[in-house]
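For reference, work_3.tsv (TSV, C-alpha atoms):
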```tsv
chain	number	residue	atom	x	y	z
G	297	MET	CA	15.41	198.47	-108.93
G	298	THR	CA	17.44	195.98	-106.90
G	299	ALA	CA	15.85	193.55	-104.49
G	300	THR	CA	16.81	195.63	-101.44
G	301	GLN	CA	15.46	198.84	-103.01
G	302	ARG	CA	11.94	197.46	-103.34
G	303	PRO	CA	9.41	198.83	-100.85
G	304	SER	CA	8.91	197.03	-97.56
G	305	ALA	CA	5.69	195.06	-97.28
G	306	ASP	CA	5.43	195.81	-93.56
G	307	GLY	CA	2.01	196.94	-92.43
G	308	LEU	CA	-1.55	195.72	-92.58
G	309	TRP	CA	-2.87	194.27	-95.83
G	310	ARG	CA	-6.66	194.61	-95.94
G	311	GLY	CA	-9.26	193.79	-98.56
G	312	LEU	CA	-8.05	190.26	-99.18
G	313	ARG	CA	-9.78	186.97	-99.85
G	314	LEU	CA	-7.80	183.94	-98.71
G	315	ALA	CA	-7.98	181.01	-101.09
G	316	SER	CA	-9.04	178.80	-98.18
G	317	GLU	CA	-11.78	181.13	-96.89
G	318	PRO	CA	-14.19	183.39	-98.78
G	319	ALA	CA	-14.50	185.93	-95.92
G	320	ASP	CA	-12.84	189.36	-95.97
G	321	ALA	CA	-9.34	188.80	-94.60
G	322	ALA	CA	-6.23	190.71	-93.59
G	323	ILE	CA	-2.52	189.96	-93.24
G	324	ALA	CA	-0.18	191.85	-90.93
G	325	VAL	CA	3.50	191.94	-91.94
G	326	GLN	CA	6.16	192.97	-89.46
G	327	ASP	CA	9.92	192.96	-90.07
G	328	GLY	CA	9.36	191.06	-93.32
G	329	ARG	CA	7.41	188.26	-91.66
G	330	ILE	CA	3.74	187.50	-91.34
G	331	ALA	CA	2.76	188.55	-87.83
G	332	TRP	CA	-0.96	187.84	-88.04
G	333	VAL	CA	-3.54	186.56	-90.53
G	334	GLY	CA	-7.28	186.23	-90.12
G	335	PRO	CA	-10.71	187.82	-90.61
G	336	ALA	CA	-10.57	191.55	-91.27
G	337	ALA	CA	-13.07	192.17	-88.47
G	338	GLN	CA	-10.68	190.65	-85.92
G	339	VAL	CA	-7.45	192.56	-86.66
G	340	PRO	CA	-5.60	193.21	-83.39
G	341	ALA	CA	-5.40	196.91	-82.58
G	342	ALA	CA	-1.61	196.78	-82.57
G	343	PHE	CA	-1.60	196.32	-86.34
G	344	THR	CA	-3.98	199.16	-87.21
G	345	GLN	CA	-1.52	201.98	-86.46
G	346	GLY	CA	1.18	201.27	-89.06
G	347	PRO	CA	1.22	201.37	-92.87
G	348	GLN	CA	-1.98	200.24	-94.57
G	349	HIS	CA	-2.19	198.36	-97.89
G	350	ASP	CA	-5.49	198.01	-99.74
G	351	GLY	CA	-5.82	194.67	-101.52
G	352	GLY	CA	-8.94	195.80	-103.33
G	353	GLY	CA	-10.71	192.49	-102.84
G	354	ALA	CA	-7.91	190.48	-104.45
G	355	LEU	CA	-7.66	186.75	-103.89
G	356	VAL	CA	-4.43	185.88	-102.07
G	357	THR	CA	-2.35	182.70	-102.11
G	358	PRO	CA	1.07	181.77	-100.78
G	359	GLY	CA	3.91	182.66	-103.12
G	360	LEU	CA	4.34	179.99	-105.77
G	361	VAL	CA	7.26	177.54	-105.61
G	362	ASP	CA	8.93	176.21	-108.77
G	363	CYS	CA	10.62	173.14	-107.32
G	364	HIS	CA	12.40	171.65	-110.36
G	365	THR	CA	14.28	173.78	-112.90
G	366	HIS	CA	17.48	173.77	-114.92
G	367	LEU	CA	17.40	177.54	-115.34
G	368	VAL	CA	21.13	178.24	-115.83
G	369	TYR	CA	22.57	177.11	-119.16
G	370	GLY	CA	24.13	178.34	-122.38
G	371	GLY	CA	22.47	178.36	-125.79
G	372	GLN	CA	19.14	176.77	-126.67
G	373	ARG	CA	17.96	173.60	-128.45
G	374	ALA	CA	15.15	174.60	-130.78
G	375	ASN	CA	16.75	172.47	-133.49
G	376	GLU	CA	16.11	169.36	-131.42
G	377	PHE	CA	12.48	170.36	-131.10
G	378	ALA	CA	12.38	170.31	-134.89
G	379	MET	CA	14.12	166.90	-134.96
G	380	ARG	CA	11.51	165.43	-132.64
G	381	LEU	CA	8.74	166.87	-134.80
G	382	ALA	CA	10.35	165.07	-137.73
G	383	GLY	CA	10.13	161.78	-135.85
G	384	ALA	CA	13.33	161.44	-133.80
G	385	SER	CA	12.94	160.09	-130.26
G	386	TYR	CA	14.53	161.67	-127.17
G	387	GLU	CA	17.06	158.82	-127.10
G	388	GLU	CA	17.84	159.18	-130.82
G	389	VAL	CA	18.48	162.89	-130.39
G	390	ALA	CA	20.89	162.13	-127.55
G	391	LYS	CA	22.74	159.48	-129.58
G	392	ALA	CA	23.13	161.96	-132.45
G	393	GLY	CA	25.13	164.30	-130.25
G	394	GLY	CA	22.22	166.43	-129.17
G	395	GLY	CA	20.41	166.36	-125.88
G	396	ILE	CA	22.08	167.30	-122.65
G	397	VAL	CA	25.60	167.17	-124.09
G	398	SER	CA	24.82	169.95	-126.58
G	399	SER	CA	23.83	172.18	-123.68
G	400	VAL	CA	27.04	171.17	-121.93
G	401	ARG	CA	29.09	172.51	-124.84
G	402	ALA	CA	27.24	175.82	-124.82
G	403	THR	CA	27.38	176.17	-121.05
G	404	ARG	CA	31.09	175.47	-120.88
G	405	ALA	CA	31.68	178.11	-123.57
G	406	ALA	CA	29.69	180.79	-121.74
G	407	SER	CA	31.13	183.08	-119.07
G	408	GLU	CA	29.58	183.36	-115.63
G	409	ASP	CA	28.24	186.81	-116.47
G	410	GLU	CA	26.73	185.57	-119.73
G	411	LEU	CA	24.99	182.75	-117.90
G	412	PHE	CA	23.73	185.18	-115.26
G	413	ASP	CA	22.34	187.59	-117.85
G	414	SER	CA	20.49	184.94	-119.86
G	415	ALA	CA	19.12	183.20	-116.76
G	416	SER	CA	17.97	186.54	-115.32
G	417	VAL	CA	15.69	187.08	-118.31
G	418	ARG	CA	14.18	183.63	-117.86
G	419	LEU	CA	13.80	184.07	-114.11
G	420	ALA	CA	12.00	187.39	-114.58
G	421	ASN	CA	9.21	185.60	-116.45
G	422	LEU	CA	8.67	183.19	-113.56
G	423	LEU	CA	8.82	185.89	-110.90
G	424	ALA	CA	6.24	187.97	-112.76
G	425	GLU	CA	3.78	185.11	-112.26
G	426	GLY	CA	4.18	184.99	-108.49
G	427	VAL	CA	7.08	182.56	-108.00
G	428	CYS	CA	8.70	183.27	-104.63
G	429	ALA	CA	11.03	180.26	-104.36
G	430	ILE	CA	12.77	178.26	-107.03
G	431	GLU	CA	15.13	175.35	-107.34
G	432	ILE	CA	18.00	175.69	-109.83
G	433	LYS	CA	20.03	172.63	-110.78
G	434	SER	CA	23.52	172.40	-112.20
G	435	GLY	CA	24.28	169.55	-114.60
G	436	TYR	CA	25.24	171.35	-117.80
G	437	GLY	CA	28.87	171.79	-116.78
G	438	LEU	CA	29.87	168.19	-115.99
G	439	ALA	CA	33.30	169.39	-114.87
G	440	LEU	CA	34.19	171.01	-111.59
G	441	GLU	CA	34.86	174.52	-112.89
G	442	HIS	CA	31.70	174.60	-114.97
G	443	GLU	CA	29.42	173.04	-112.36
G	444	ARG	CA	30.80	175.63	-109.94
G	445	LYS	CA	30.03	178.34	-112.49
G	446	GLN	CA	26.40	177.26	-112.76
G	447	LEU	CA	25.90	177.05	-109.01
G	448	ARG	CA	27.55	180.43	-108.44
G	449	VAL	CA	25.16	181.95	-110.96
G	450	ALA	CA	22.20	180.37	-109.16
G	451	ARG	CA	23.32	181.94	-105.87
G	452	ARG	CA	23.77	185.33	-107.61
G	453	LEU	CA	20.28	185.12	-109.08
G	454	GLY	CA	18.73	184.72	-105.66
G	455	ALA	CA	20.59	187.71	-104.25
G	456	ALA	CA	20.03	189.96	-107.26
G	457	HIS	CA	16.33	189.23	-107.71
G	458	GLY	CA	15.31	188.89	-104.07
G	459	VAL	CA	13.98	185.35	-104.44
G	460	THR	CA	14.67	182.19	-102.46
G	461	VAL	CA	16.89	179.91	-104.58
G	462	ARG	CA	17.68	176.34	-103.62
G	463	THR	CA	20.68	174.98	-105.51
G	464	THR	CA	20.84	171.33	-106.51
G	465	PHE	CA	24.04	169.68	-107.70
G	466	LEU	CA	23.25	167.50	-110.71
G	467	GLY	CA	26.75	166.55	-111.74
G	468	ALA	CA	25.41	163.07	-112.56
G	469	HIS	CA	23.14	164.41	-115.30
G	470	ALA	CA	24.89	162.95	-118.34
G	471	LEU	CA	28.25	161.51	-119.28
G	472	PRO	CA	30.59	164.24	-120.57
G	473	PRO	CA	32.27	163.53	-123.93
G	474	GLU	CA	35.72	163.19	-122.38
G	475	TYR	CA	34.42	160.29	-120.26
G	476	ALA	CA	32.72	158.38	-123.08
G	477	GLY	CA	32.56	154.71	-122.16
G	478	ARG	CA	33.86	155.41	-118.65
G	479	SER	CA	30.80	156.17	-116.57
G	480	GLY	CA	32.33	154.59	-113.48
G	481	ASP	CA	35.34	156.89	-113.66
G	482	TYR	CA	33.08	159.90	-114.06
G	483	ILE	CA	31.00	158.94	-111.04
G	484	ASP	CA	34.28	158.66	-109.11
G	485	LEU	CA	35.02	162.25	-110.13
G	486	VAL	CA	31.55	163.39	-109.06
G	487	CYS	CA	31.77	161.69	-105.67
G	488	ARG	CA	35.40	162.23	-104.73
G	489	GLU	CA	36.17	165.65	-106.17
G	490	MET	CA	33.23	167.66	-107.46
G	491	LEU	CA	30.71	167.06	-104.70
G	492	PRO	CA	33.07	167.62	-101.73
G	493	ALA	CA	34.61	170.73	-103.26
G	494	LEU	CA	31.32	172.41	-104.14
G	495	ALA	CA	29.77	171.47	-100.79
G	496	ALA	CA	32.74	173.00	-98.98
G	497	GLU	CA	32.15	176.23	-100.91
G	498	GLY	CA	28.54	176.34	-99.71
G	499	LEU	CA	27.11	176.02	-103.20
G	500	ILE	CA	24.94	172.91	-102.73
G	501	ASP	CA	21.58	172.59	-100.98
G	502	ALA	CA	20.71	169.13	-102.39
G	503	VAL	CA	22.05	166.46	-104.74
G	504	ASP	CA	20.24	164.96	-107.73
G	505	VAL	CA	20.97	162.18	-110.26
G	506	PHE	CA	19.43	161.30	-113.62
G	507	CYS	CA	18.79	157.57	-113.15
G	508	GLU	CA	17.79	156.18	-116.54
G	509	ARG	CA	18.94	153.92	-119.39
G	510	ILE	CA	20.53	156.86	-121.22
G	511	ALA	CA	22.07	158.27	-118.03
G	512	PHE	CA	23.21	156.49	-114.85
G	513	SER	CA	22.50	153.08	-113.33
G	514	LEU	CA	21.11	152.25	-109.92
G	515	GLU	CA	24.57	151.32	-108.66
G	516	GLU	CA	26.06	154.60	-109.88
G	517	THR	CA	23.14	156.54	-108.43
G	518	GLU	CA	23.62	154.95	-105.04
G	519	ARG	CA	27.29	155.86	-105.06
G	520	VAL	CA	26.33	159.51	-105.49
G	521	PHE	CA	23.69	159.23	-102.76
G	522	LYS	CA	26.23	157.75	-100.34
G	523	ALA	CA	28.65	160.60	-101.07
G	524	ALA	CA	25.87	163.14	-100.50
G	525	GLN	CA	24.83	161.43	-97.28
G	526	ALA	CA	28.40	161.54	-95.99
G	527	LEU	CA	28.36	165.31	-96.51
G	528	GLY	CA	24.98	165.74	-94.82
G	529	LEU	CA	23.23	166.76	-98.03
G	530	PRO	CA	19.66	165.68	-98.91
G	531	VAL	CA	19.03	163.89	-102.19
G	532	LYS	CA	16.49	164.02	-105.01
G	533	LEU	CA	16.11	161.93	-108.16
G	534	HIS	CA	15.09	162.16	-111.80
G	535	ALA	CA	13.21	158.86	-111.65
G	536	GLU	CA	11.18	156.52	-113.85
G	537	GLN	CA	10.76	159.02	-116.71
G	538	LEU	CA	11.49	156.69	-119.61
G	539	SER	CA	11.35	153.29	-117.91
G	540	ASP	CA	10.92	151.70	-114.48
G	541	MET	CA	14.49	151.52	-113.22
G	542	GLY	CA	13.57	151.14	-109.56
G	543	GLY	CA	15.24	154.46	-108.78
G	544	THR	CA	12.34	155.72	-106.73
G	545	ALA	CA	12.65	152.91	-104.18
G	546	LEU	CA	16.39	153.56	-103.96
G	547	ALA	CA	15.85	157.28	-103.43
G	548	ALA	CA	13.24	156.59	-100.77
G	549	ARG	CA	15.75	154.48	-98.84
G	550	TYR	CA	17.92	157.59	-98.65
G	551	GLY	CA	15.01	159.75	-97.50
G	552	ALA	CA	14.86	161.70	-100.75
G	553	LEU	CA	13.11	165.06	-100.68
G	554	SER	CA	11.47	164.26	-104.01
G	555	CYS	CA	11.36	161.94	-106.99
G	556	ASP	CA	10.57	163.72	-110.23
G	557	HIS	CA	8.92	162.82	-113.59
G	558	LEU	CA	7.56	159.36	-112.57
G	559	GLU	CA	5.69	158.41	-115.75
G	560	HIS	CA	6.72	154.75	-115.27
G	561	LEU	CA	6.46	154.64	-111.48
G	562	SER	CA	5.38	151.29	-110.03
G	563	GLN	CA	3.23	150.59	-106.99
G	564	SER	CA	6.29	149.39	-105.09
G	565	GLY	CA	7.94	152.74	-105.77
G	566	ILE	CA	4.81	154.54	-104.59
G	567	ASP	CA	4.79	152.50	-101.38
G	568	ALA	CA	8.44	153.38	-100.77
G	569	MET	CA	7.74	157.09	-101.30
G	570	ARG	CA	4.82	157.03	-98.91
G	571	ALA	CA	6.93	155.38	-96.22
G	572	SER	CA	9.78	157.88	-96.61
G	573	GLY	CA	7.65	161.02	-97.00
G	574	THR	CA	9.13	161.69	-100.42
G	575	ILE	CA	7.25	164.16	-102.63
G	576	ALA	CA	6.16	163.15	-106.14
G	577	VAL	CA	7.05	165.99	-108.53
G	578	LEU	CA	5.13	165.89	-111.81
G	579	LEU	CA	6.49	167.73	-114.82
G	580	PRO	CA	3.75	168.21	-117.41
G	581	GLY	CA	5.90	170.47	-119.57
G	582	ALA	CA	8.31	167.66	-120.38
G	583	TYR	CA	5.43	165.22	-120.83
G	584	TYR	CA	3.87	167.64	-123.33
G	585	ALA	CA	7.07	168.59	-125.16
G	586	LEU	CA	8.09	164.97	-125.62
G	587	ARG	CA	4.53	164.07	-126.72
G	588	ASP	CA	4.52	161.34	-124.13
G	589	THR	CA	1.45	159.13	-123.81
G	590	HIS	CA	2.39	157.17	-120.67
G	591	LEU	CA	0.68	159.00	-117.83
G	592	PRO	CA	2.14	159.07	-114.33
G	593	PRO	CA	0.08	156.91	-111.94
G	594	ILE	CA	-1.95	159.79	-110.51
G	595	ASP	CA	-4.76	157.69	-109.04
G	596	ALA	CA	-2.32	155.36	-107.32
G	597	LEU	CA	-0.38	158.29	-105.86
G	598	ARG	CA	-3.64	159.74	-104.57
G	599	ALA	CA	-4.79	156.44	-103.10
G	600	SER	CA	-1.49	156.00	-101.31
G	601	GLY	CA	-1.47	159.54	-99.96
G	602	VAL	CA	1.80	160.56	-101.61
G	603	PRO	CA	1.90	164.39	-101.84
G	604	ILE	CA	2.09	165.69	-105.42
G	605	ALA	CA	4.01	168.77	-106.54
G	606	VAL	CA	4.10	170.34	-110.00
G	607	SER	CA	6.95	172.31	-111.56
G	608	THR	CA	8.06	173.81	-114.87
G	609	ASP	CA	11.16	171.60	-115.27
G	610	HIS	CA	12.46	174.57	-117.24
G	611	ASN	CA	15.29	173.32	-119.43
G	612	PRO	CA	16.39	174.01	-123.01
G	613	GLY	CA	15.72	170.55	-124.38
G	614	THR	CA	12.49	169.03	-123.13
G	615	SER	CA	10.58	171.72	-121.25
G	616	PRO	CA	11.37	175.29	-122.35
G	617	ALA	CA	8.54	176.46	-120.11
G	618	LEU	CA	8.60	179.87	-118.44
G	619	SER	CA	5.14	179.80	-116.91
G	620	LEU	CA	4.24	177.90	-113.76
G	621	LEU	CA	0.62	178.94	-114.31
G	622	LEU	CA	0.64	177.16	-117.65
G	623	MET	CA	2.06	174.07	-115.92
G	624	MET	CA	-0.88	174.23	-113.49
G	625	ASN	CA	-3.25	174.19	-116.46
G	626	MET	CA	-1.37	171.28	-118.05
G	627	ALA	CA	-1.36	169.34	-114.79
G	628	CYS	CA	-5.14	169.68	-114.68
G	629	THR	CA	-5.84	168.99	-118.35
G	630	LEU	CA	-3.20	166.32	-119.01
G	631	PHE	CA	-2.91	164.67	-115.58
G	632	ARG	CA	-6.44	165.42	-114.31
G	633	LEU	CA	-5.37	167.08	-111.07
G	634	THR	CA	-8.15	168.96	-109.31
G	635	VAL	CA	-7.92	172.68	-108.53
G	636	PRO	CA	-7.16	172.16	-104.81
G	637	GLU	CA	-4.56	169.55	-105.74
G	638	VAL	CA	-2.78	171.77	-108.22
G	639	LEU	CA	-2.73	174.75	-105.86
G	640	ALA	CA	-1.13	172.61	-103.17
G	641	ALA	CA	1.20	171.22	-105.84
G	642	VAL	CA	2.79	174.63	-106.49
G	643	THR	CA	2.75	175.85	-102.88
G	644	THR	CA	2.82	173.54	-99.85
G	645	HIS	CA	3.96	170.34	-101.55
G	646	ALA	CA	6.46	172.12	-103.81
G	647	ALA	CA	7.96	173.77	-100.74
G	648	ARG	CA	8.32	170.36	-99.08
G	649	ALA	CA	10.08	169.07	-102.21
G	650	LEU	CA	12.78	171.67	-101.51
G	651	GLY	CA	12.87	171.27	-97.74
G	652	LEU	CA	11.29	174.72	-97.38
G	653	GLN	CA	8.05	173.67	-95.70
G	654	ASP	CA	8.79	175.78	-92.61
G	655	THR	CA	9.23	179.02	-94.55
G	656	HIS	CA	7.38	178.83	-97.87
G	657	GLY	CA	4.15	177.62	-99.43
G	658	VAL	CA	1.91	178.80	-96.58
G	659	ILE	CA	0.44	182.00	-95.18
G	660	ALA	CA	0.87	181.69	-91.43
G	661	PRO	CA	2.23	183.72	-88.52
G	662	GLY	CA	5.99	183.55	-88.17
G	663	VAL	CA	6.92	182.68	-91.75
G	664	PRO	CA	8.58	185.12	-94.17
G	665	ALA	CA	6.11	187.23	-96.12
G	666	ASN	CA	5.80	185.54	-99.50
G	667	PHE	CA	2.31	185.88	-100.94
G	668	VAL	CA	0.54	186.90	-104.13
G	669	LEU	CA	-2.54	189.02	-104.73
G	670	TRP	CA	-4.46	187.93	-107.82
G	671	ASN	CA	-6.96	189.80	-109.99
G	672	ILE	CA	-9.33	186.84	-110.15
G	673	GLN	CA	-12.69	185.95	-108.66
G	674	ASP	CA	-12.17	182.23	-108.17
G	675	ILE	CA	-9.08	180.18	-107.38
G	676	ALA	CA	-9.87	177.90	-110.33
G	677	GLU	CA	-8.89	180.76	-112.63
G	678	LEU	CA	-5.23	180.20	-111.81
G	679	ALA	CA	-5.40	176.90	-113.66
G	680	TYR	CA	-8.13	177.93	-116.10
G	681	TRP	CA	-6.50	180.78	-118.02
G	682	PHE	CA	-3.40	180.35	-120.10
G	683	GLY	CA	-1.49	183.18	-121.74
G	684	GLN	CA	-2.69	185.64	-119.09
G	685	ARG	CA	-0.93	186.98	-115.99
G	686	PRO	CA	-3.57	187.82	-113.38
G	687	VAL	CA	-1.01	188.99	-110.82
G	688	LYS	CA	-1.96	192.17	-108.96
G	689	THR	CA	0.84	192.33	-106.40
G	690	VAL	CA	3.68	190.02	-105.34
G	691	VAL	CA	5.15	190.19	-101.85
G	692	ARG	CA	8.44	188.35	-101.89
G	693	GLN	CA	10.93	188.09	-99.02
G	694	GLY	CA	8.98	190.74	-97.13
G	695	ARG	CA	9.16	193.30	-99.92
G	696	ILE	CA	6.71	194.44	-102.56
G	697	ALA	CA	8.18	192.97	-105.72
G	698	ALA	CA	5.46	193.89	-108.21
```

Let's see the structure in the file written out as structure tokens.
Amino acid sequence: MTATQRPSADGLWRGLRLASEPADAAIAVQDGRIAWVGPAAQVPAAFTQGPQHDGGGALVTPGLVDCHTHLVYGGQRANEFAMRLAGASYEEVAKAGGGIVSSVRATRAASEDELFDSASVRLANLLAEGVCAIEIKSGYGLALEHERKQLRVARRLGAAHGVTVRTTFLGAHALPPEYAGRSGDYIDLVCREMLPALAAEGLIDAVDVFCERIAFSLEETERVFKAAQALGLPVKLHAEQLSDMGGTALAARYGALSCDHLEHLSQSGIDAMRASGTIAVLLPGAYYALRDTHLPPIDALRASGVPIAVSTDHNPGTSPALSLLLMMNMACTLFRLTVPEVLAAVTTHAARALGLQDTHGVIAPGVPANFVLWNIQDIAELAYWFGQRPVKTVVRQGRIAA
């Protein structure tokens, strides 16, 4: 069944329990948007005449938002997982010809249809758990035609699966083999050719850079940010994952939507994020897969009032995660987030990390109908169980998806 063939969610949804309120609640959907939400005893008469949907006492939350993924790529990297188990570090794997560049080879070799088919299978897993919006980055092409191919696939996925997809251009993800030793020349290519061309084709919603010792410097990152700014595109940053490069402060100066990873984030970086309204995106899947022991500064982020989001960081090398619910559990167990924090982290704050705060991550009149009915008694169960899908019904883009 295609996205447009799925049943409309229009009508009155009764028998619901909002995560924020224990009382019996109802949601009215009209023309694919939420028209009213509130106590079941106060439903306006105008909404009682149309289609009726019985929630059966299900707990309801906003649709989940997976705000950092690398979902479109060729091949897989299970062999590198084995290398790390045998003692190799992330940097050693990269220097041995593995890492991002190995995914680049596989992605370049794959056709657009092959990439679409493989990514569709992965996306289906996330959608089955209530994801209603997702970010998909490029960055495994590292050449104009192949970055275009990835971004085109991301757009196709959104249309085919009826899910909101935000595309992020990550051309500055790694140095392609043909530019070995010439990072400055490659950044020139990113800024002067790739970024303008792909933006003109309407394929870019935001621009990201991997700012790290094994990737790109602060100066190179800023060059990309300036090029994005000139095109009116918002920026994001892979920041402070392996060391404190000061990338977060740089990103904040450019009003970044988010800075992601952040294990080595300093207080000065936190202060810059707070001032700019930048979201901190934590990625427990990568932390777990890399067996990291350097925790992000959760308490300092809390104390400074920096909003925290959580995402799968789905990628073939360091976070082959296809469950946002599992990431919620990891964020609680590994990072000690509370249940209210982790729910906000995959809804309201994750939506803000994508610039979707006006349309996603909330249940409120006027916004598109994206919400999930869960077969659970308590909201804590979303982060408590792992290996279970408690989804009852998903309403996505105003249609009943599952």

Would you write out, as JSON lines, a table of all residues in region 645-697 of chain G that have an atom no more than 10 Å from an atom of region 513-534 of chain G, listing for each the closest atom pair and the distance in Å to one decimal, considering all atoms listed in the file and ordering rows by chain and rising residue number?
```
{"residue": "G:Ala649", "atom": "CA", "partner": "G:Lys532", "partner_atom": "CA", "distance": 8.6}
{"residue": "G:Leu650", "atom": "CA", "partner": "G:Lys532", "partner_atom": "CA", "distance": 9.2}
{"residue": "G:Gly651", "atom": "CA", "partner": "G:Pro530", "partner_atom": "CA", "distance": 8.9}
```

Might you pull out every residue within 12 Å of region 339-348 of chain G, with all atoms listed in the file counted and same-chain residues fewer than 2 positions away left off, and present them as a list in words?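 After dropping sequence-adjacent residues, the list is Pro303, Ser304, Ala305, Asp306, Gly307, Leu308, Trp309, Arg310, Gly311, Asp320, Ala321, Ala322, Ile323, Ala324, Val325, Gln326, Ile330, Ala331, Trp332, Val333, Gly334, Pro335, Ala336, Ala337, Asp350 and Gly351 of chain G.
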
Written selection (C-alpha atoms) as a PDB file, in the coordinates of the input:
```
ATOM      1  CA  PRO G 303       9.410 198.830-100.850  1.00  0.00           C
ATOM      2  CA  SER G 304       8.910 197.030 -97.560  1.00  0.00           C
ATOM      3  CA  ALA G 305       5.690 195.060 -97.280  1.00  0.00           C
ATOM      4  CA  ASP G 306       5.430 195.810 -93.560  1.00  0.00           C
ATOM      5  CA  GLY G 307       2.010 196.940 -92.430  1.00  0.00           C
ATOM      6  CA  LEU G 308      -1.550 195.720 -92.580  1.00  0.00           C
ATOM      7  CA  TRP G 309      -2.870 194.270 -95.830  1.00  0.00           C
ATOM      8  CA  ARG G 310      -6.660 194.610 -95.940  1.00  0.00           C
ATOM      9  CA  GLY G 311      -9.260 193.790 -98.560  1.00  0.00           C
ATOM     10  CA  ASP G 320     -12.840 189.360 -95.970  1.00  0.00           C
ATOM     11  CA  ALA G 321      -9.340 188.800 -94.600  1.00  0.00           C
ATOM     12  CA  ALA G 322      -6.230 190.710 -93.590  1.00  0.00           C
ATOM     13  CA  ILE G 323      -2.520 189.960 -93.240  1.00  0.00           C
ATOM     14  CA  ALA G 324      -0.180 191.850 -90.930  1.00  0.00           C
ATOM     15  CA  VAL G 325       3.500 191.940 -91.940  1.00  0.00           C
ATOM     16  CA  GLN G 326       6.160 192.970 -89.460  1.00  0.00           C
ATOM     17  CA  ILE G 330       3.740 187.500 -91.340  1.00  0.00           C
ATOM     18  CA  ALA G 331       2.760 188.550 -87.830  1.00  0.00           C
ATOM     19  CA  TRP G 332      -0.960 187.840 -88.040  1.00  0.00           C
ATOM     20  CA  VAL G 333      -3.540 186.560 -90.530  1.00  0.00           C
ATOM     21  CA  GLY G 334      -7.280 186.230 -90.120  1.00  0.00           C
ATOM     22  CA  PRO G 335     -10.710 187.820 -90.610  1.00  0.00           C
ATOM     23  CA  ALA G 336     -10.570 191.550 -91.270  1.00  0.00           C
ATOM     24  CA  ALA G 337     -13.070 192.170 -88.470  1.00  0.00           C
ATOM     25  CA  ASP G 350      -5.490 198.010 -99.740  1.00  0.00           C
ATOM     26  CA  GLY G 351      -5.820 194.670-101.520  1.00  0.00           C
TER      27      GLY G 351
END
```

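CA of Tyr583 (chain G) lies 14.6 Å from CA of Leu620 (chain G).
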
Per-residue nearest contacts region 308-425 of chain G to region 673-694 of chain G, cut-off 12 Å, using all atoms listed in the file, as a Markdown table:
```
| residue | atom | partner | partner_atom | distance |
| --- | --- | --- | --- | --- |
| G:Trp309 | CA | G:Val691 | CA | 10.8 |
| G:Leu312 | CA | G:Gln673 | CA | 11.4 |
| G:Arg313 | CA | G:Gln673 | CA | 9.3 |
| G:Leu314 | CA | G:Ile675 | CA | 9.5 |
| G:Ala315 | CA | G:Ile675 | CA | 6.4 |
| G:Ser316 | CA | G:Ile675 | CA | 9.3 |
| G:Glu317 | CA | G:Ile675 | CA | 10.9 |
| G:Pro318 | CA | G:Asp674 | CA | 9.7 |
| G:Ile323 | CA | G:Val691 | CA | 11.5 |
| G:Ala324 | CA | G:Gly694 | CA | 11.1 |
| G:Val325 | CA | G:Gly694 | CA | 7.6 |
| G:Gln326 | CA | G:Gly694 | CA | 8.5 |
| G:Asp327 | CA | G:Gly694 | CA | 7.5 |
| G:Gly328 | CA | G:Gly694 | CA | 3.8 |
| G:Arg329 | CA | G:Gly694 | CA | 6.2 |
| G:Ile330 | CA | G:Gly694 | CA | 8.5 |
| G:Ala331 | CA | G:Gly694 | CA | 11.4 |
| G:His349 | CA | G:Thr689 | CA | 10.9 |
| G:Asp350 | CA | G:Thr689 | CA | 10.8 |
| G:Gly351 | CA | G:Thr689 | CA | 8.6 |
| G:Gly352 | CA | G:Lys688 | CA | 9.7 |
| G:Gly353 | CA | G:Gln673 | CA | 9.0 |
| G:Ala354 | CA | G:Lys688 | CA | 7.7 |
| G:Leu355 | CA | G:Gln673 | CA | 7.0 |
| G:Val356 | CA | G:Ile675 | CA | 9.1 |
| G:Thr357 | CA | G:Ile675 | CA | 8.9 |
| G:Pro358 | CA | G:Val691 | CA | 9.4 |
| G:Gly359 | CA | G:Arg692 | CA | 7.4 |
| G:Leu360 | CA | G:Val690 | CA | 10.1 |
| G:Val361 | CA | G:Arg692 | CA | 11.5 |
| G:Asn421 | CA | G:Arg685 | CA | 10.2 |
| G:Leu422 | CA | G:Arg685 | CA | 10.6 |
| G:Leu423 | CA | G:Val690 | CA | 8.6 |
| G:Ala424 | CA | G:Val687 | CA | 7.6 |
| G:Glu425 | CA | G:Arg685 | CA | 6.3 |
```

Write out as a PyMOL selection string each polymer residue whose atoms come within 12 Å of Phe631 (chain G), counting all atoms listed in the file; drop sequence neighbours fewer than 3 positions from it. chain G and resi 559+578-581+583-584+588-595+597+604+606+623-628+634-635+637-638

Find the spatial neighbours of Arg451 (chain G), counting all atoms listed in the file, within a cut-off of 8 Å - ignore same-chain residues fewer than 6 positions away - and output them as a count of residues only. 3

Non-local contacts of Thr403 (chain G) (6 Å; all atoms listed in the file; under 4 positions in same chain excluded) as a list in words: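 Contacts, with the query itself left out: Tyr369, Gly370 and Ser399 of chain G.
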
Mind giving me the axis-aligned box for region 612-629 of chain G with 8 Å on every side, centre plus edges in Å to one decimal, as lines of an AutoDock Vina configuration file?
```
center_x = 5.3
center_y = 174.4
center_z = -118.9
size_x = 38.2
size_y = 26.9
size_z = 26.9
```

Tell me which protein, DNA and RNA residues are within 10 Å of Ala605 (chain G), counting only C-alpha atoms, leaving out same-chain ones fewer than 2 positions away, and put them as a VMD selection string. chain G and resid 361 to 364 554 556 575 to 579 602 to 603 607 627 637 to 649
